[in-house]
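Participant: Handing you this structure, nothing more for now.
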Amino acid sequence: MPVPTSAPRTLYDKVFDDHVVHSGDGDTLLYIDRHLVHEVTSPQAFEGLRNAGRKVRRPDCTLVTVDHNIPTASRKNFKDVTSFIVEADSRMQVSALEDNVKEFGLTYFGMSDKRQGIVHIIGPEQGFTLPGTTVCCGDSHTSTHGAFGALAFGIGTSEVEHILATQTLPQAKSKNMRVTVEGKVAEGVTSKDIVLHIIGVIGTAGGTGCVIEFAGSAIRELSMESRMSICNMSIEGGARAGMIAPDEITFKYLKGRPLSPRDGEEWDKAEAYWRSLKSDAGAKYDIEVEIRAEDIIPTITWGTSPQDVVPINGVVPNPQDFPEAQRPNVIRSLEYMGLTAGTPMEEVKIDKAFFGSCTNGRIEDMRSAARVIIASEKNGGPTKVAEGVYAMIVPGSGLVKQQAEAEGLDVIFKKAGFDWREAGCSMCLGMNPDQLKPGERCASSSNRNFEGRQGAGGRTHLMSPAMVAAAALTGKFTDVRKFMGTHLGEDGGLKITEYSDYLSPVDTPAPPVKPTEQTAEGQTPVKQAAAASAGLPKFNVVKGIAAPMWEANIDTDKIIPKQFLKTLLRTGLGTALFWTIRYDVRTNEPLPDFVLNKDPWNKSSLLVCTGPNFGCGSSREHAPWALNDFGIRCIMAPSFGDIFKTNCFKNGMLPLELPQADLEALYEDASAGLEIAVDLENQQVVRPNGKPPIPFTVDAFRRHCLINGLDDIGLTLEHRQKIEKFEEKRTSVWPWLDGVGYAKKGQKVIAVPVRKSVSKNDW
């Protein structure tokens with residue numbers, strides 16, 4: 001029920017207000033309607049529940065799948081995870097997840113289920129994602145779901161455990177930011193081009209501390225698939241989340257999906273509420289950005305950050321064209337990418353083409369790429385993948401794959417020489433067998449082009465699926481508008497089917513199975529990490545050597561690359577810290593010039609970084625775990641990625657934002673190998689040799705928790721009665737949000753009915 005207020009509110013304000021369970025001591029406690037769980041960020045969370053003797057509070061609001069670690073090779077002979085996944089650490093994470101869903105009684109789309117897929121594909125696909133909901137997942141691209149008018153954001157493992165235990169999450173209110181794209185985009189320009197252009201304008205820190213609402217005529221004309229692609233990359237602009245107001249396009253997409261409100265009174269009530277989810281006239285935004293749709297052309301990245309964008313008809317930039325403070329980062333990016341300033345982008349050759357990911361792995365994306373292939377053949381252009389190029393297409397879910405095959409898209413792709421794969425995250429982050437080799441250049445429809453993102457030493461260029469298809473056929477980056485010629489904008493004569501032909505009801509999961517010491521669950525090695533769930537070390541005064549760093553946008557992939565995420569523990573990651581710049585990626589030998597490999601900084605307990613946006617990128621809590629395990633408990637920087645900052649606090653660490661001048665002074669102290677002390681009780685950084693201390697302020701509640709080593713879950717459970725009261729209101733006001741198998745007070749369990757148009761034999 002909307003909170004009474006006379007002031008105009010934004011879409012974000014409305015959804016936030018409708019989920020307040022408690023406020024008054026620090027962050028606001030929000031109720032989380034939908035929780036998506038996968039294998040990488042959950043094992044330690046389940047172990048925390050196990051050690052504390054806690055259950056999952058709302059299994060009906062939790063949906064689980066595997067996506068990051070799994071191979072995308074053919075599953076024709078798939079029997080089980082143990083025999084199919086060759087890589088031991090990946091197999092262990094997936095097996096642990098399967099054990100956990102059984103133990104805690106959760107709905108699970110496993111590898112033998114055609115509904116399996118990337119978390120941010122399957123949530124909307126099933127109708128699990130709905131307007132006006134709060135959606136969380138241990139993956140930073142959870143903002144995808146904001147396309148429905150949901151407040152959706154990525155979280156770390158500690159927060160995964162928090163939601164599993166309480167169905168709530170403490171959150172600070174973000175600022176409101178609106179990006180308005182007015183006008184009509186030209187033919188050949190896609191939502192991927194729009195969002196890359198936006199990130200190029202605002203930068204990867206432009207949305208820090210904000211929730212971005214995407215608005216304007218160009219946004220309203222987009223399909224749901226395209227809107228999801230835009231919201232998906234909100235995090236790459238530094239935002240906590242991205243949102244688009246729901247409308248007729250949204251309602252049509254959701255109608256009839258397995259977990260959507262049922263037709264009739266329930267649907268009518270839900271739709272009436274959804275129609276109220278738009279910003280009021282006169283609502284205040286802290287930041288406004290306006291963009292002309294006509295200014296956007298097909299866009300591609302050139303560097304190692306999503307903000308490093310250039311039009312396809314542009315050239316590799318010259319470091320001298322950037323402000324002096326940015327030049328070192330530009331030079332490093334060009335060296336890593338193997339590019340020379342002034343080179344036309346259309347002359348840059350590729351080794352691989354990857355098309356898939358939670359950004360662009362939907363049926364609309366598949367059709368877009370197929371149209372490029374058809375147009376090339378009509379124009380007398382190349383009909384096969386270029387010699388020397390390996391091109392792969394990875395559907396975002398089993399249902400996307402099934403629909404694409406029913407429409408004959410797989411035949412078009414395979415005939416042209418593309419490798420047609422099974423659903424999964426695949427080469428987006430290279431945690432599975434799909435990876436780049438050092439020096440290989442890839443045209444990719446994914447969302448991040450960080451160093452080593454798709455494989456150690458790999459070079460990633462982000463672009464739309466259509467641009468990836470064009471590059472695969474020509475062997476170099478290609479302007480899809482020229483490539484398609486007179487056939488630009490044609491539908492290619494594709495057979496189009498309806499999503500409803502491929503859906504199936506979601507059943508009530510089996511009841512939880514209590515583990516014993518004789519079961520696989522009882523023997524899990526993560527018991528070694530129990531201490532991490534039983535309170536935090538106190539942070540009073542931390543004194544020691546500080547490691548000096550200067551780079552801007554040090555992302556979580558750089559702090560700890562993807563190959564070290566395959567762990568069931570919170571500990572033991574210190575040796576992996578900054579792996580790609582601390583070790584030679586070919587020999588694994590330490591690089592003697594890297595600061596943490598040199599004495600005395602190899603014993604650092606603090607880190608001083610003069611570059612902004614430290615910890616941008618992924619929601620992986622492994623980044624603070626690695627820093628903590630190395631011995632670093634405080635990072636000082638001008639600014640931090642929002643999720644990284646939260647994850648630090650959750651692990652008893654202090655992310656300390658300081659003015660640039662103070663950081664420059666501390667950088668000099670750190671570079672000299674002098675000891676620095678961070679005194680949280682007195683809120684000051686004590687400098688060496690009697691130099692004046694540097695004062696700072698930290699949120700009073702965060703400071704209290706750090707000093708006393710308080711655990712968030714324990715604090716939240718003090719508000720148990722308020723959570724129960726909110727759930728009663730939720731059932732009364734928004735009954736469609738109670739999921740499959742949820743037993744309301746005084747009622748029997750209600751299951752989603754089987755839709756008549758779906759046959760059990762489809763599965």
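Chain labels A, B, ... are given in the sequence in which chains occur in the structure tokens; within each chain residues are numbered consecutively from 1, and ligands are likewise numbered from 1 in the order shown.
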Within 12 Å of Pro537 (chain A), counting only C-alpha atoms, which residues qualify if same-chain residues fewer than 3 places away don't, as a VMD selection string?
Facilitator: chain A and resid 531 to 534 540 to 542 628 633 649 to 654 705 to 711
Participant: I'd like the neighbourhood of region 95-99 of chain A as an NGL selection string, where a residue qualifies if any of its atoms comes within 7 Å (using only C-alpha atoms), though same-chain residues fewer than 2 positions away should be ignored.
Facilitator: :A and (39 or 43 or 81 or 91-93 or 101-103 or 521)
Participant: Excluding Thr129 (chain A) and residues on its chain fewer than 3 positions from it, collect all residues at most 8 Å away from it, counting only C-alpha atoms, and give them as a JSON list (two decimals) with C-alpha atoms, in the first residue's frame.
Facilitator:
[["chain", "number", "residue", "atom", "x", "y", "z"],
["A", 34, "ARG", "CA", 12.13, -12.07, -5.24],
["A", 123, "GLY", "CA", 13.32, -14.73, -13.84],
["A", 124, "PRO", "CA", 11.44, -12.61, -16.39],
["A", 126, "GLN", "CA", 8.84, -17.37, -15.84],
["A", 133, "THR", "CA", 8.79, -5.85, -6.67],
["A", 135, "VAL", "CA", 14.52, -8.31, -6.68],
["A", 145, "HIS", "CA", 14.77, -6.82, -13.76],
["A", 148, "PHE", "CA", 9.70, -4.18, -15.39],
["A", 150, "ALA", "CA", 11.11, -3.45, -10.22]]
Participant: Find the residues around Gly430 (chain A) up to 6 Å (only C-alpha atoms counted), leave out those fewer than 4 positions away in its own chain, and share them as a list in words.
Facilitator: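 Counting only the stated atoms, we get Asp434, Gln435, Gln454 and Gly455 of chain A.
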Participant: Grab the CA of Lys114 (chain A) to CA of Ser397 (chain A) distance for me, in Å with one decimal place.
Facilitator: 7.6 Å
Participant: At a cut-off of 12 Å, using only C-alpha atoms, what residues contact Asn77 (chain A)? Leave out same-chain residues fewer than 5 positions from it and give the result as a PDB file with N, CA, C and O atoms, in the first residue's frame.
Facilitator:
ATOM      1  N   SER A  83      29.309 -36.492 -13.615  1.00  0.00           N
ATOM      2  CA  SER A  83      29.955 -37.064 -14.796  1.00  0.00           C
ATOM      3  C   SER A  83      30.115 -36.055 -15.929  1.00  0.00           C
ATOM      4  O   SER A  83      30.954 -36.229 -16.809  1.00  0.00           O
ATOM      5  N   PHE A  84      29.326 -34.960 -15.904  1.00  0.00           N
ATOM      6  CA  PHE A  84      29.322 -34.036 -17.038  1.00  0.00           C
ATOM      7  C   PHE A  84      30.332 -32.904 -16.887  1.00  0.00           C
ATOM      8  O   PHE A  84      30.968 -32.500 -17.864  1.00  0.00           O
ATOM      9  N   MET A 111      20.500 -28.701 -14.618  1.00  0.00           N
ATOM     10  CA  MET A 111      21.010 -28.888 -15.975  1.00  0.00           C
ATOM     11  C   MET A 111      20.164 -29.820 -16.823  1.00  0.00           C
ATOM     12  O   MET A 111      20.249 -29.784 -18.049  1.00  0.00           O
ATOM     13  N   SER A 112      19.353 -30.645 -16.209  1.00  0.00           N
ATOM     14  CA  SER A 112      18.477 -31.530 -16.983  1.00  0.00           C
ATOM     15  C   SER A 112      17.101 -30.916 -17.224  1.00  0.00           C
ATOM     16  O   SER A 112      16.238 -31.529 -17.843  1.00  0.00           O
TER      17      SER A 112
END
Participant: Which residues are close to region 311-318 of chain A, i.e. within 7 Å by only C-alpha atoms, leaving aside same-chain residues fewer than 6 positions away? Reply as a short mmCIF file (atom, residue, chain, number, x, y, z; two decimals) with N, CA, C and O atoms, in the first residue's frame.
Facilitator:
data_model
loop_
_atom_site.label_atom_id
_atom_site.label_comp_id
_atom_site.auth_asym_id
_atom_site.auth_seq_id
_atom_site.Cartn_x
_atom_site.Cartn_y
_atom_site.Cartn_z
N ILE A 297 24.77 6.09 -32.89
CA ILE A 297 24.98 5.17 -34.00
C ILE A 297 25.56 3.89 -33.42
O ILE A 297 25.91 3.84 -32.24
N PRO A 298 25.67 2.81 -34.21
CA PRO A 298 26.26 1.58 -33.67
C PRO A 298 27.58 1.86 -32.96
O PRO A 298 28.46 2.53 -33.49
N THR A 299 27.67 1.35 -31.75
CA THR A 299 28.76 1.70 -30.84
C THR A 299 29.53 0.46 -30.41
O THR A 299 28.97 -0.62 -30.28
N ILE A 300 30.82 0.66 -30.12
CA ILE A 300 31.72 -0.44 -29.78
C ILE A 300 32.69 0.07 -28.71
O ILE A 300 32.95 1.28 -28.61
N TRP A 302 36.58 0.23 -27.04
CA TRP A 302 37.97 0.10 -27.51
C TRP A 302 38.92 -0.28 -26.38
O TRP A 302 40.01 -0.80 -26.63
N THR A 340 46.59 0.64 -31.62
CA THR A 340 47.38 1.83 -31.91
C THR A 340 46.46 3.01 -32.16
O THR A 340 45.49 2.90 -32.94
N ALA A 341 46.73 4.12 -31.51
CA ALA A 341 45.90 5.32 -31.67
C ALA A 341 45.79 5.70 -33.14
O ALA A 341 46.76 5.64 -33.89
N GLY A 342 44.57 6.08 -33.55
CA GLY A 342 44.33 6.51 -34.92
C GLY A 342 43.88 5.41 -35.86
O GLY A 342 43.45 5.68 -36.99
N THR A 343 43.95 4.15 -35.42
CA THR A 343 43.51 3.03 -36.27
C THR A 343 41.99 3.04 -36.41
O THR A 343 41.28 3.06 -35.40
N PRO A 344 41.45 3.04 -37.63
CA PRO A 344 39.99 2.95 -37.79
C PRO A 344 39.47 1.66 -37.15
O PRO A 344 40.05 0.58 -37.34
N MET A 345 38.40 1.77 -36.40
CA MET A 345 37.85 0.58 -35.73
C MET A 345 37.44 -0.49 -36.73
O MET A 345 37.52 -1.69 -36.44
N GLU A 346 37.02 -0.09 -37.92
CA GLU A 346 36.59 -1.07 -38.92
C GLU A 346 37.77 -1.82 -39.56
O GLU A 346 37.55 -2.70 -40.39
N ASP A 479 30.47 -2.01 -39.58
CA ASP A 479 29.26 -1.23 -39.41
C ASP A 479 28.09 -2.01 -39.98
O ASP A 479 27.99 -2.22 -41.20
#
Participant: Calculated over only C-alpha atoms, which of the candidates A:Leu399, A:Cys634, A:Ile296, A:Ile350 has the smallest distance to Asp113 (chain A)?
Facilitator: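 For Asp113 (chain A), the nearest of the candidates is A:Leu399.
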Participant: Just checking: using only C-alpha atoms, which residue out of A:Ile496, A:Ile632, A:Ile287, A:Val585 ends up closest to Asn602 (chain A)?
Facilitator: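 Ranked by minimum distance to Asn602 (chain A), first place goes to A:Ile632.
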Participant: Of the residues A:Gly200, A:Pro258, A:Pro600, A:Gly238, which is the one nearest to Gly739 (chain A), using only C-alpha atoms?
Facilitator: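 Checking each candidate against Gly739 (chain A), we get A:Pro258 as the closest.
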Participant: For Pro433 (chain A), which of A:Pro659, A:Pro71, A:Pro612, A:Gly338 is the closest residue, counting only C-alpha atoms?
Facilitator: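 The closest residue to Pro433 (chain A) is A:Pro71.
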Participant: Determine the nearest neighbour of Ala370 (chain A) from the options A:Ala670, A:Ala406, A:Val411, A:Met224, counting only C-alpha atoms.
Facilitator: A:Val411
